[in-house]
$ cat work.cif   # mmCIF, C-alpha atoms and all ligand atoms
data_upload
#
loop_
_atom_site.label_atom_id
_atom_site.label_comp_id
_atom_site.auth_asym_id
_atom_site.auth_seq_id
_atom_site.Cartn_x
_atom_site.Cartn_y
_atom_site.Cartn_z
CA MET R 1 -40.49 -42.06 101.89
CA ALA R 2 -39.03 -43.67 98.79
CA GLU R 3 -35.55 -42.74 97.51
CA LEU R 4 -35.33 -41.22 94.06
CA ASN R 5 -34.24 -44.24 92.13
CA GLU R 6 -35.52 -45.97 89.04
CA GLN R 7 -38.13 -47.88 91.05
CA THR R 8 -39.59 -44.70 92.56
CA VAL R 9 -39.83 -43.07 89.15
CA LEU R 10 -41.41 -46.19 87.65
CA GLU R 11 -43.99 -46.16 90.44
CA MET R 12 -44.78 -42.50 89.78
CA HIS R 13 -45.24 -43.37 86.12
CA ARG R 14 -47.65 -46.18 87.00
CA THR R 15 -49.58 -43.85 89.30
CA MET R 16 -49.91 -41.28 86.52
CA CYS R 17 -51.13 -43.95 84.08
CA ARG R 18 -53.65 -45.19 86.68
CA ILE R 19 -55.03 -41.69 87.16
CA ARG R 20 -55.21 -41.08 83.40
CA TYR R 21 -57.03 -44.37 82.70
CA PHE R 22 -59.35 -43.94 85.68
CA GLU R 23 -60.41 -40.48 84.57
CA GLU R 24 -60.69 -41.37 80.88
CA ALA R 25 -63.01 -44.21 81.89
CA ALA R 26 -64.99 -41.91 84.19
CA SER R 27 -65.30 -39.38 81.37
CA ALA R 28 -66.61 -42.03 78.96
CA LYS R 29 -69.11 -43.35 81.51
CA TYR R 30 -70.25 -39.83 82.36
CA LYS R 31 -70.85 -39.07 78.66
CA ALA R 32 -72.76 -42.36 78.35
CA GLY R 33 -75.09 -41.15 81.11
CA GLU R 34 -74.04 -43.87 83.57
CA LEU R 35 -72.74 -41.60 86.36
CA PRO R 36 -75.41 -39.68 88.25
CA GLY R 37 -73.29 -36.84 89.70
CA PHE R 38 -70.90 -34.15 88.52
CA ILE R 39 -67.23 -35.05 88.01
CA HIS R 40 -64.19 -32.78 87.75
CA LEU R 41 -61.19 -34.38 86.07
CA SER R 42 -57.46 -33.77 86.56
CA ILE R 43 -56.27 -35.22 83.25
CA GLY R 44 -53.09 -33.32 82.36
CA GLN R 45 -52.30 -32.66 86.05
CA GLU R 46 -51.22 -36.19 87.00
CA ALA R 47 -47.58 -35.28 87.72
CA CYS R 48 -48.70 -33.19 90.71
CA ALA R 49 -50.65 -35.92 92.50
CA ALA R 50 -48.09 -38.62 91.67
CA GLY R 51 -45.03 -36.53 92.48
CA VAL R 52 -46.41 -35.26 95.79
CA CYS R 53 -47.70 -38.57 97.10
CA ALA R 54 -44.51 -40.45 96.15
CA THR R 55 -42.74 -38.39 98.82
CA LEU R 56 -45.15 -39.43 101.58
CA ALA R 57 -45.33 -42.39 103.93
CA ALA R 58 -48.55 -44.38 104.30
CA THR R 59 -48.97 -42.75 107.72
CA ASP R 60 -48.86 -39.22 106.28
CA TYR R 61 -52.04 -37.34 105.35
CA ILE R 62 -53.43 -35.52 102.36
CA THR R 63 -56.48 -33.30 102.10
CA SER R 64 -58.03 -32.90 98.69
CA THR R 65 -60.40 -30.89 96.53
CA HIS R 66 -63.36 -31.28 94.18
CA ARG R 67 -60.75 -32.50 91.62
CA GLY R 68 -59.52 -35.31 93.85
CA HIS R 69 -59.52 -38.67 92.01
CA GLY R 70 -55.81 -38.43 91.26
CA HIS R 71 -54.94 -37.51 94.84
CA CYS R 72 -56.83 -40.52 96.16
CA LEU R 73 -55.25 -42.97 93.73
CA ALA R 74 -51.76 -41.56 94.28
CA LYS R 75 -52.12 -41.92 98.06
CA GLY R 76 -53.00 -45.59 97.65
CA GLY R 77 -56.79 -45.42 97.39
CA ASP R 78 -58.79 -48.22 95.82
CA ALA R 79 -59.84 -47.61 92.21
CA LYS R 80 -62.73 -50.09 92.54
CA ARG R 81 -64.30 -48.39 95.54
CA MET R 82 -63.83 -44.95 94.01
CA MET R 83 -65.34 -46.02 90.68
CA ALA R 84 -68.23 -47.67 92.54
CA GLU R 85 -68.83 -44.37 94.33
CA LEU R 86 -69.02 -42.53 91.00
CA PHE R 87 -71.63 -45.08 89.94
CA ALA R 88 -73.52 -44.44 93.25
CA LYS R 89 -73.18 -48.07 94.31
CA GLN R 90 -73.26 -49.49 97.83
CA ALA R 91 -69.65 -50.73 97.43
CA GLY R 92 -68.43 -47.15 96.93
CA TYR R 93 -66.34 -45.20 99.40
CA SER R 94 -69.45 -43.41 100.72
CA GLN R 95 -71.87 -46.27 100.06
CA GLY R 96 -72.96 -44.44 96.93
CA ARG R 97 -74.34 -41.46 98.89
CA GLY R 98 -71.59 -38.92 98.23
CA GLY R 99 -70.18 -39.23 94.72
CA SER R 100 -66.94 -37.83 93.38
CA MET R 101 -66.57 -34.96 95.85
CA HIS R 102 -67.07 -37.05 98.99
CA ILE R 103 -64.36 -39.66 98.66
CA ALA R 104 -62.06 -40.38 101.57
CA ASP R 105 -59.90 -43.30 102.64
CA VAL R 106 -58.57 -42.70 106.12
CA SER R 107 -56.80 -46.08 106.03
CA VAL R 108 -54.30 -44.64 103.51
CA GLY R 109 -54.26 -41.11 104.95
CA MET R 110 -56.55 -39.65 102.27
CA LEU R 111 -58.72 -37.44 104.47
CA GLY R 112 -61.20 -36.42 101.85
CA ALA R 113 -62.15 -34.80 98.60
CA ASN R 114 -64.01 -31.55 99.22
CA GLY R 115 -66.60 -29.60 97.28
CA ILE R 116 -66.07 -26.47 99.37
CA VAL R 117 -63.29 -24.57 97.63
CA GLY R 118 -60.41 -23.75 99.99
CA GLN R 119 -61.44 -26.06 102.81
CA SER R 120 -58.69 -28.59 102.14
CA MET R 121 -56.33 -26.02 103.66
CA PRO R 122 -57.76 -25.69 107.20
CA LEU R 123 -58.41 -29.44 107.16
CA GLY R 124 -54.71 -29.87 106.41
CA VAL R 125 -53.97 -27.56 109.34
CA GLY R 126 -56.09 -29.82 111.54
CA ALA R 127 -54.30 -32.97 110.37
CA ALA R 128 -50.88 -31.38 110.88
CA LEU R 129 -51.85 -30.02 114.29
CA THR R 130 -53.00 -33.51 115.30
CA ALA R 131 -49.66 -34.95 114.21
CA GLN R 132 -47.79 -32.25 116.13
CA VAL R 133 -49.83 -32.67 119.32
CA LYS R 134 -49.55 -36.46 119.21
CA GLY R 135 -45.88 -36.33 118.26
CA SER R 136 -46.59 -38.95 115.60
CA GLY R 137 -44.02 -37.59 113.14
CA ALA R 138 -46.65 -37.51 110.39
CA VAL R 139 -46.79 -34.76 107.77
CA ALA R 140 -49.87 -33.45 105.94
CA VAL R 141 -50.15 -32.10 102.40
CA ALA R 142 -53.11 -29.86 101.55
CA PHE R 143 -53.87 -29.79 97.83
CA PHE R 144 -55.70 -26.73 96.55
CA GLY R 145 -56.12 -24.68 93.37
CA GLU R 146 -55.13 -21.13 92.51
CA GLY R 147 -58.83 -20.23 92.73
CA ALA R 148 -58.89 -21.43 96.32
CA SER R 149 -55.84 -19.29 97.06
CA GLY R 150 -58.09 -16.22 97.03
CA ALA R 151 -60.46 -17.58 99.67
CA GLY R 152 -60.24 -16.00 103.12
CA VAL R 153 -59.82 -19.38 104.71
CA ALA R 154 -56.65 -20.02 102.66
CA HIS R 155 -54.95 -17.10 104.40
CA GLU R 156 -56.20 -18.10 107.83
CA ALA R 157 -54.84 -21.60 107.26
CA MET R 158 -51.41 -20.43 106.08
CA ASN R 159 -51.16 -17.90 108.90
CA MET R 160 -52.00 -20.45 111.58
CA ALA R 161 -49.80 -23.19 110.10
CA SER R 162 -46.82 -20.87 110.05
CA LEU R 163 -47.47 -19.44 113.51
CA TRP R 164 -47.54 -22.94 115.03
CA ARG R 165 -44.77 -24.34 112.76
CA LEU R 166 -47.04 -27.18 111.72
CA PRO R 167 -45.78 -30.18 109.70
CA LEU R 168 -47.71 -29.19 106.59
CA VAL R 169 -47.11 -28.60 102.88
CA PHE R 170 -49.56 -26.43 100.96
CA PHE R 171 -49.51 -27.68 97.37
CA CYS R 172 -51.26 -25.46 94.83
CA GLU R 173 -52.19 -27.09 91.53
CA SER R 174 -52.18 -23.91 89.51
CA ASN R 175 -54.03 -25.09 86.40
CA ARG R 176 -54.69 -21.70 84.72
CA TYR R 177 -58.46 -21.58 85.27
CA ALA R 178 -60.74 -21.41 88.31
CA GLU R 179 -64.04 -22.59 86.89
CA LEU R 180 -64.24 -20.29 83.83
CA SER R 181 -61.88 -17.55 85.08
CA PRO R 182 -58.30 -17.29 83.78
CA TYR R 183 -55.59 -16.90 86.43
CA GLU R 184 -54.85 -13.19 85.82
CA THR R 185 -58.49 -12.18 86.26
CA HIS R 186 -58.55 -13.14 89.93
CA VAL R 187 -54.94 -13.52 91.20
CA PRO R 188 -52.99 -10.24 91.32
CA VAL R 189 -49.55 -11.83 91.86
CA ALA R 190 -47.67 -13.65 89.08
CA ASN R 191 -47.35 -16.78 91.19
CA VAL R 192 -49.44 -18.02 94.11
CA ALA R 193 -46.20 -19.07 95.85
CA ASP R 194 -44.98 -15.43 95.76
CA ARG R 195 -47.25 -14.89 98.74
CA ALA R 196 -45.29 -17.27 100.97
CA PRO R 197 -42.95 -14.64 102.50
CA ALA R 198 -46.01 -12.90 103.94
CA TYR R 199 -46.53 -16.02 106.05
CA ASP R 200 -42.83 -16.47 106.80
CA MET R 201 -42.64 -19.74 104.94
CA PRO R 202 -40.66 -20.90 101.89
CA GLY R 203 -42.52 -20.53 98.59
CA VAL R 204 -41.52 -22.20 95.35
CA THR R 205 -43.15 -22.20 91.92
CA ILE R 206 -42.30 -25.19 89.75
CA ASP R 207 -43.31 -26.85 86.51
CA GLY R 208 -46.21 -29.02 87.68
CA GLY R 209 -45.98 -31.14 84.54
CA ASP R 210 -42.54 -32.35 85.57
CA ALA R 211 -43.10 -35.22 88.00
CA LEU R 212 -39.47 -35.27 89.09
CA ALA R 213 -39.44 -31.54 89.86
CA VAL R 214 -42.58 -32.04 91.94
CA TYR R 215 -41.05 -35.02 93.74
CA GLU R 216 -37.77 -33.25 94.50
CA THR R 217 -39.34 -29.98 95.66
CA VAL R 218 -41.94 -31.66 97.85
CA THR R 219 -39.33 -34.02 99.30
CA GLU R 220 -37.47 -31.00 100.65
CA ALA R 221 -40.64 -29.40 102.04
CA VAL R 222 -41.70 -32.66 103.70
CA ALA R 223 -38.27 -33.07 105.30
CA ARG R 224 -38.50 -29.52 106.61
CA ALA R 225 -41.99 -30.16 107.99
CA ARG R 226 -40.93 -33.44 109.61
CA ALA R 227 -37.96 -31.71 111.22
CA GLY R 228 -40.31 -29.29 113.00
CA LEU R 229 -39.38 -26.30 110.82
CA GLY R 230 -42.94 -25.60 109.71
CA PRO R 231 -44.96 -25.38 106.52
CA SER R 232 -44.07 -24.57 102.91
CA LEU R 233 -46.08 -23.32 99.96
CA ILE R 234 -45.41 -25.02 96.64
CA GLU R 235 -47.14 -24.11 93.40
CA GLY R 236 -47.07 -26.50 90.47
CA LYS R 237 -47.96 -24.72 87.22
CA THR R 238 -50.06 -27.19 85.31
CA TYR R 239 -53.01 -27.37 82.93
CA ARG R 240 -56.30 -29.24 82.95
CA TRP R 241 -57.01 -30.80 79.59
CA HIS R 242 -60.74 -31.17 80.21
CA GLY R 243 -63.35 -28.64 81.22
CA HIS R 244 -63.95 -27.47 84.77
CA TYR R 245 -66.57 -30.24 84.96
CA GLU R 246 -67.40 -32.89 82.39
CA GLY R 247 -69.85 -31.25 79.99
CA ASP R 248 -68.26 -27.80 80.30
CA PRO R 249 -68.18 -26.36 76.74
CA GLU R 250 -64.84 -24.63 77.57
CA VAL R 251 -65.68 -21.50 75.57
CA TYR R 252 -63.30 -19.47 77.77
CA LYS R 253 -60.20 -21.34 76.49
CA PRO R 254 -58.44 -19.81 73.45
CA ASP R 255 -58.61 -21.95 70.30
CA GLY R 256 -55.86 -24.53 70.13
CA GLU R 257 -54.70 -24.03 73.74
CA THR R 258 -55.57 -27.52 74.97
CA GLU R 259 -54.09 -29.16 71.87
CA ALA R 260 -50.85 -27.22 72.39
CA GLU R 261 -50.72 -28.26 76.05
CA LYS R 262 -51.27 -31.90 75.15
CA LYS R 263 -47.94 -31.83 73.30
CA GLY R 264 -46.33 -31.50 76.74
CA ASP R 265 -48.14 -34.57 78.13
CA PRO R 266 -46.61 -35.12 81.59
CA ILE R 267 -46.78 -38.92 81.17
CA LEU R 268 -44.80 -38.78 77.92
CA ARG R 269 -42.32 -36.39 79.52
CA LEU R 270 -41.70 -38.83 82.35
CA GLU R 271 -41.39 -41.70 79.89
CA ALA R 272 -38.71 -39.78 77.96
CA LEU R 273 -36.83 -39.25 81.20
CA LEU R 274 -37.16 -42.89 82.22
CA LYS R 275 -35.65 -43.95 78.91
CA ASP R 276 -32.92 -41.31 78.73
CA ARG R 277 -31.81 -41.11 82.35
CA PHE R 278 -32.54 -44.60 83.62
CA GLY R 279 -32.30 -46.62 80.40
CA VAL R 280 -35.75 -48.12 80.90
CA ALA R 281 -36.89 -50.23 77.94
CA GLU R 282 -40.02 -49.31 75.99
CA ALA R 283 -41.49 -52.73 76.84
CA VAL R 284 -41.46 -51.89 80.56
CA LEU R 285 -43.53 -48.80 79.92
CA THR R 286 -45.90 -50.64 77.60
CA THR R 287 -46.47 -53.25 80.31
CA ALA R 288 -47.19 -50.53 82.88
CA HIS R 289 -49.81 -49.02 80.58
CA ALA R 290 -51.40 -52.41 79.90
CA ASP R 291 -51.51 -53.33 83.63
CA GLU R 292 -53.01 -50.03 84.71
CA GLN R 293 -55.53 -49.99 81.87
CA ALA R 294 -56.61 -53.54 82.81
CA ALA R 295 -56.90 -52.60 86.50
CA ILE R 296 -59.17 -49.69 85.63
CA ALA R 297 -61.25 -51.83 83.27
CA ASN R 298 -61.70 -54.22 86.23
CA ALA R 299 -62.73 -51.31 88.45
CA VAL R 300 -65.36 -50.27 85.90
CA THR R 301 -66.73 -53.83 85.65
CA PHE R 302 -66.77 -54.09 89.45
CA ALA R 303 -68.68 -50.81 89.70
CA GLU R 304 -71.16 -51.69 86.97
CA LEU R 305 -71.98 -55.07 88.50
CA ALA R 306 -72.08 -53.84 92.12
CA PRO R 307 -75.54 -53.64 93.72
CA ASP R 308 -77.36 -50.34 94.17
CA PRO R 309 -77.99 -49.15 97.75
CA THR R 310 -81.29 -50.56 99.02
CA PRO R 311 -84.21 -48.42 100.30
CA ASP R 312 -83.86 -49.84 103.85
CA GLY R 313 -80.49 -48.03 104.11
CA LEU R 314 -81.99 -44.68 103.19
CA MET R 315 -81.83 -43.28 106.73
CA THR R 316 -78.40 -44.74 107.59
CA ASN R 317 -75.68 -42.16 108.21
CA VAL R 318 -77.99 -39.19 107.78
CA TYR R 319 -77.89 -36.47 110.39
CA VAL R 320 -81.57 -35.63 110.69
CA GLU R 321 -84.42 -38.03 111.26
CA MET R 322 -87.93 -37.05 110.28
CA ASP R 323 -90.62 -37.35 112.95
CA GLY R 324 -91.97 -40.86 112.94
CA ALA R 325 -89.20 -42.19 110.72
C1 LIG D 401 -66.66 -21.96 98.95
C2 LIG D 401 -66.96 -22.20 97.49
N1 LIG D 401 -67.06 -21.15 96.65
C3 LIG D 401 -67.33 -21.35 95.34
C4 LIG D 401 -67.47 -22.64 94.86
C5 LIG D 401 -67.75 -22.85 93.37
N2 LIG D 401 -66.52 -23.36 92.72
C6 LIG D 401 -66.36 -24.68 92.48
S1 LIG D 401 -64.86 -25.00 91.79
C7 LIG D 401 -64.45 -23.38 91.80
C8 LIG D 401 -63.11 -22.92 91.26
C9 LIG D 401 -61.98 -23.57 91.95
O1 LIG D 401 -60.80 -23.20 91.31
P1 LIG D 401 -59.42 -23.78 91.79
O2 LIG D 401 -59.33 -23.67 93.26
O3 LIG D 401 -58.37 -23.11 90.99
O4 LIG D 401 -59.50 -25.33 91.45
P2 LIG D 401 -59.65 -26.04 90.03
O5 LIG D 401 -61.12 -26.17 89.73
O6 LIG D 401 -58.95 -25.20 89.03
O7 LIG D 401 -59.01 -27.36 90.20
C10 LIG D 401 -65.45 -22.59 92.36
C11 LIG D 401 -65.38 -21.13 92.51
C12 LIG D 401 -67.38 -23.70 95.76
N3 LIG D 401 -67.52 -24.96 95.37
N4 LIG D 401 -67.09 -23.47 97.06
#

$ encode --input "work.cif" --output "structure tokens"
Amino acid sequence: MAELNEQTVLEMHRTMCRIRYFEEAASAKYKAGELPGFIHLSIGQEACAAGVCATLAATDYITSTHRGHGHCLAKGGDAKRMMAELFAKQAGYSQGRGGSMHIADVSVGMLGANGIVGQSMPLGVGAALTAQVKGSGAVAVAFFGEGASGAGVAHEAMNMASLWRLPLVFFCESNRYAELSPYETHVPVANVADRAPAYDMPGVTIDGGDALAVYETVTEAVARARAGLGPSLIEGKTYRWHGHYEGDPEVYKPDGETEAEKKGDPILRLEALLKDRFGVAEAVLTTAHADEQAAIANAVTFAELAPDPTPDGLMTNVYVEMDGA
């Protein structure tokens, strides 16, 4: 795990820029009709993915959601392979068969995006149990949303993780809406993390737009998990700037809400901190933006030029074969 020094914060900033540029590019390509599947973007939530993953070692695990591009990039995933997957190309993470919600990179501990709401949590339990049984010292972080927190499986996962003192951090990206439903219409407690005492684990609600707060809070939870003291529940209050999916008309959001939230852009907040607290020059930040933007432009070109899957691979990696096939 990296120490909190200027370098760590600069890396978090780069990660947030990478996520932002990746998803802006994905949004543009989706609108241009070049991506065949649905995408769910995390623009506005970048401080959560970047702050959490900056606390983890390469050998640690994360489990992700349907809104997982940022998690994958922050854990060290390859922007080219992920973009190629969105374009349904053979060079993609799932050879173009899975799309946005089936992206995994086990080589960096990213155990998978997941279209089944809530399932990142028991998968995180499985990863943490594996680490505990093997004595590997690894920790897992399960990302989930406040919508997922109402799923039965969320409670089973937190119960089991606490009972077995698993090395796991449950990180809720509480982004105000689950699909089209505002928080208060489906969560009866003020904060998802208020439920932690029921599982005998620490629960903390933080500003999920503050990358440093995320980093510092998760650092403590990861240390606790690694020391064998069991899981924690952390809720980062954040906001998604885009719709639930690209194309969502967002009629459920009050007028002006997104514009108001954009004034608290988590990337700009981190930049202010880098300048004020660490004396980082504007030019350093400009270079980071330019590098990350160029890397994503390369990823888009790579994906566009990559070959489509060929018909002879149609039956590869499928579970059922037709008679005579
Ligand atoms: C088991 C299951 N139930 C319902 C859905 C439909 N669905 C997709 S996203 C979503 C809301 C998820 O909200 P949240 O967990 O807060 O994540 P967010 O979309 O806000 O990131 C729902 C209900 C699903 N994919 N899986």

$ residues_around --input "work.cif" --residues "region 6-16 of chain R" --least-positions-apart "2" --cutoff "9 Å" --atoms "all atoms listed in the file" --output "compact mmCIF listing (two decimals) with C-alpha atoms, in the coordinates of the input"
# COMPACT_ATOMS: atom_id res chain seq x y z
CA ALA R 2 -39.03 -43.67 98.79
CA GLU R 3 -35.55 -42.74 97.51
CA LEU R 4 -35.33 -41.22 94.06
CA ARG R 18 -53.65 -45.19 86.68
CA ILE R 19 -55.03 -41.69 87.16
CA ARG R 20 -55.21 -41.08 83.40
CA TYR R 21 -57.03 -44.37 82.70
CA GLN R 45 -52.30 -32.66 86.05
CA GLU R 46 -51.22 -36.19 87.00
CA ALA R 47 -47.58 -35.28 87.72
CA ALA R 49 -50.65 -35.92 92.50
CA ALA R 50 -48.09 -38.62 91.67
CA GLY R 51 -45.03 -36.53 92.48
CA CYS R 53 -47.70 -38.57 97.10
CA ALA R 54 -44.51 -40.45 96.15
CA GLY R 70 -55.81 -38.43 91.26
CA LEU R 73 -55.25 -42.97 93.73
CA ALA R 74 -51.76 -41.56 94.28
CA ALA R 211 -43.10 -35.22 88.00
CA LEU R 212 -39.47 -35.27 89.09
CA PRO R 266 -46.61 -35.12 81.59
CA ILE R 267 -46.78 -38.92 81.17
CA LEU R 270 -41.70 -38.83 82.35
CA GLU R 271 -41.39 -41.70 79.89
CA LEU R 274 -37.16 -42.89 82.22
CA PHE R 278 -32.54 -44.60 83.62
CA VAL R 280 -35.75 -48.12 80.90
CA LEU R 285 -43.53 -48.80 79.92
CA ALA R 288 -47.19 -50.53 82.88
CA HIS R 289 -49.81 -49.02 80.58
CA ASP R 291 -51.51 -53.33 83.63
CA GLU R 292 -53.01 -50.03 84.71

$ closest_residue --input "work.cif" --among "R:Val320, R:Val189, R:Ala272, R:Ile116" --to "ligand LIG 401 (chain D)" --atoms "only C-alpha atoms and all ligand atoms"
R:Ile116

$ residues_near_ligand --input "work.cif" --ligand "ligand LIG 401 (chain D)" --cutoff "10 Å" --atoms "only C-alpha atoms and all ligand atoms" --output "VMD selection string"
chain R and resid 40 to 42 45 65 to 68 114 to 119 143 to 153 172 to 183 238 to 240 243 to 245

$ write_last_selection --input "work.cif" --atoms "C-alpha atoms" --output "compact mmCIF listing (two decimals), in the frame of the given file"
# COMPACT_ATOMS: atom_id res chain seq x y z
CA HIS R 40 -64.19 -32.78 87.75
CA LEU R 41 -61.19 -34.38 86.07
CA SER R 42 -57.46 -33.77 86.56
CA GLN R 45 -52.30 -32.66 86.05
CA THR R 65 -60.40 -30.89 96.53
CA HIS R 66 -63.36 -31.28 94.18
CA ARG R 67 -60.75 -32.50 91.62
CA GLY R 68 -59.52 -35.31 93.85
CA ASN R 114 -64.01 -31.55 99.22
CA GLY R 115 -66.60 -29.60 97.28
CA ILE R 116 -66.07 -26.47 99.37
CA VAL R 117 -63.29 -24.57 97.63
CA GLY R 118 -60.41 -23.75 99.99
CA GLN R 119 -61.44 -26.06 102.81
CA PHE R 143 -53.87 -29.79 97.83
CA PHE R 144 -55.70 -26.73 96.55
CA GLY R 145 -56.12 -24.68 93.37
CA GLU R 146 -55.13 -21.13 92.51
CA GLY R 147 -58.83 -20.23 92.73
CA ALA R 148 -58.89 -21.43 96.32
CA SER R 149 -55.84 -19.29 97.06
CA GLY R 150 -58.09 -16.22 97.03
CA ALA R 151 -60.46 -17.58 99.67
CA GLY R 152 -60.24 -16.00 103.12
CA VAL R 153 -59.82 -19.38 104.71
CA CYS R 172 -51.26 -25.46 94.83
CA GLU R 173 -52.19 -27.09 91.53
CA SER R 174 -52.18 -23.91 89.51
CA ASN R 175 -54.03 -25.09 86.40
CA ARG R 176 -54.69 -21.70 84.72
CA TYR R 177 -58.46 -21.58 85.27
CA ALA R 178 -60.74 -21.41 88.31
CA GLU R 179 -64.04 -22.59 86.89
CA LEU R 180 -64.24 -20.29 83.83
CA SER R 181 -61.88 -17.55 85.08
CA PRO R 182 -58.30 -17.29 83.78
CA TYR R 183 -55.59 -16.90 86.43
CA THR R 238 -50.06 -27.19 85.31
CA TYR R 239 -53.01 -27.37 82.93
CA ARG R 240 -56.30 -29.24 82.95
CA GLY R 243 -63.35 -28.64 81.22
CA HIS R 244 -63.95 -27.47 84.77
CA TYR R 245 -66.57 -30.24 84.96

$ residues_around --input "work.cif" --residues "region 308-312 of chain R" --least-positions-apart "4" --cutoff "10 Å" --atoms "only C-alpha atoms" --output "list in words"
Ala84, Phe87, Ala88, Lys89, Gln90, Ala91, Gly92, Gln95, Gly96, Arg97, Ala303, Glu304 and Thr316 of chain R

$ closest_atom_pairs --input "work.cif" --of "region 23-112 of chain R" --to "region 217-232 of chain R" --cutoff "8 Å" --atoms "all atoms listed in the file" --output "tab-separated table"
residue	atom	partner	partner_atom	distance
R:Gly51	CA	R:Val218	CA	7.9
R:Val52	CA	R:Val218	CA	6.1
R:Thr55	CA	R:Thr219	CA	5.6
R:Leu56	CA	R:Val222	CA	7.9

$ residues_around --input "work.cif" --residues "Lys263 (chain R)" --least-positions-apart "4" --cutoff "12 Å" --atoms "all atoms listed in the file" --output "number ranges by chain"
R: 44, 209, 239, 241, 256-259, 267-269

$ axis_aligned_box --input "work.cif" --around "region 155-164 of chain R" --padding-each-side "5 Å" --output "JSON"
{"center_x": -51.5, "center_y": -20.1, "center_z": 109.7, "size_x": 19.4, "size_y": 16.1, "size_z": 20.6}

$ atom_distance --input "work.cif" --atom1 "CA of Asp200 (chain R)" --atom2 "CA of Phe171 (chain R)"
16.1 Å

$ atom_distance --input "work.cif" --atom1 "CA of Ala32 (chain R)" --atom2 "CA of Ala297 (chain R)"
15.7 Å

$ atom_distance --input "work.cif" --atom1 "CA of Met83 (chain R)" --atom2 "CA of Glu34 (chain R)"
11.4 Å

$ residues_around --input "work.cif" --residues "Gly124 (chain R)" --least-positions-apart "2" --cutoff "12 Å" --atoms "only C-alpha atoms" --output "PyMOL selection string"
chain R and resi 60-65+109-114+118-122+126-131+138-144+153-154+156-158+160-161+166-171+231

$ closest_residue --input "work.cif" --among "R:Val125, R:Cys17, R:Ala79, R:Met315" --to "Thr301 (chain R)" --atoms "all atoms listed in the file"
R:Ala79

$ residues_around --input "work.cif" --residues "Pro197 (chain R)" --least-positions-apart "4" --cutoff "12 Å" --atoms "all atoms listed in the file" --output "list of chain:residue names"
R:Met158, R:Asn159, R:Ser162, R:Val192, R:Ala193, R:Met201, R:Pro202, R:Gly203, R:Val204, R:Pro231, R:Ser232, R:Leu233

$ closest_residue --input "work.cif" --among "R:Leu305, R:Ala299, R:Ser136, R:Asp276" --to "Asp78 (chain R)" --atoms "all atoms listed in the file"
R:Ala299

$ closest_residue --input "work.cif" --among "R:Ala190, R:Ile39, R:Ile206, R:Cys48" --to "Met101 (chain R)" --atoms "all atoms listed in the file"
R:Ile39

$ decode --input "work.cif" --residues "region 298-310 of chain R" --atoms "C-alpha atoms" --output "PDB file, in the first residue's frame"
ATOM      1  CA  ASN R 298      -5.077   5.582 -28.029  1.00  0.00           C
ATOM      2  CA  ALA R 299      -7.405   3.080 -26.388  1.00  0.00           C
ATOM      3  CA  VAL R 300     -10.276   4.262 -28.596  1.00  0.00           C
ATOM      4  CA  THR R 301      -8.148   3.992 -31.754  1.00  0.00           C
ATOM      5  CA  PHE R 302      -6.971   0.536 -30.680  1.00  0.00           C
ATOM      6  CA  ALA R 303     -10.570  -0.568 -30.126  1.00  0.00           C
ATOM      7  CA  GLU R 304     -11.841   0.890 -33.391  1.00  0.00           C
ATOM      8  CA  LEU R 305      -9.103  -0.768 -35.446  1.00  0.00           C
ATOM      9  CA  ALA R 306      -9.231  -4.122 -33.611  1.00  0.00           C
ATOM     10  CA  PRO R 307     -10.767  -7.032 -35.543  1.00  0.00           C
ATOM     11  CA  ASP R 308     -14.290  -8.274 -34.852  1.00  0.00           C
ATOM     12  CA  PRO R 309     -14.660 -11.807 -33.455  1.00  0.00           C
ATOM     13  CA  THR R 310     -14.891 -14.317 -36.305  1.00  0.00           C
TER      14      THR R 310
END
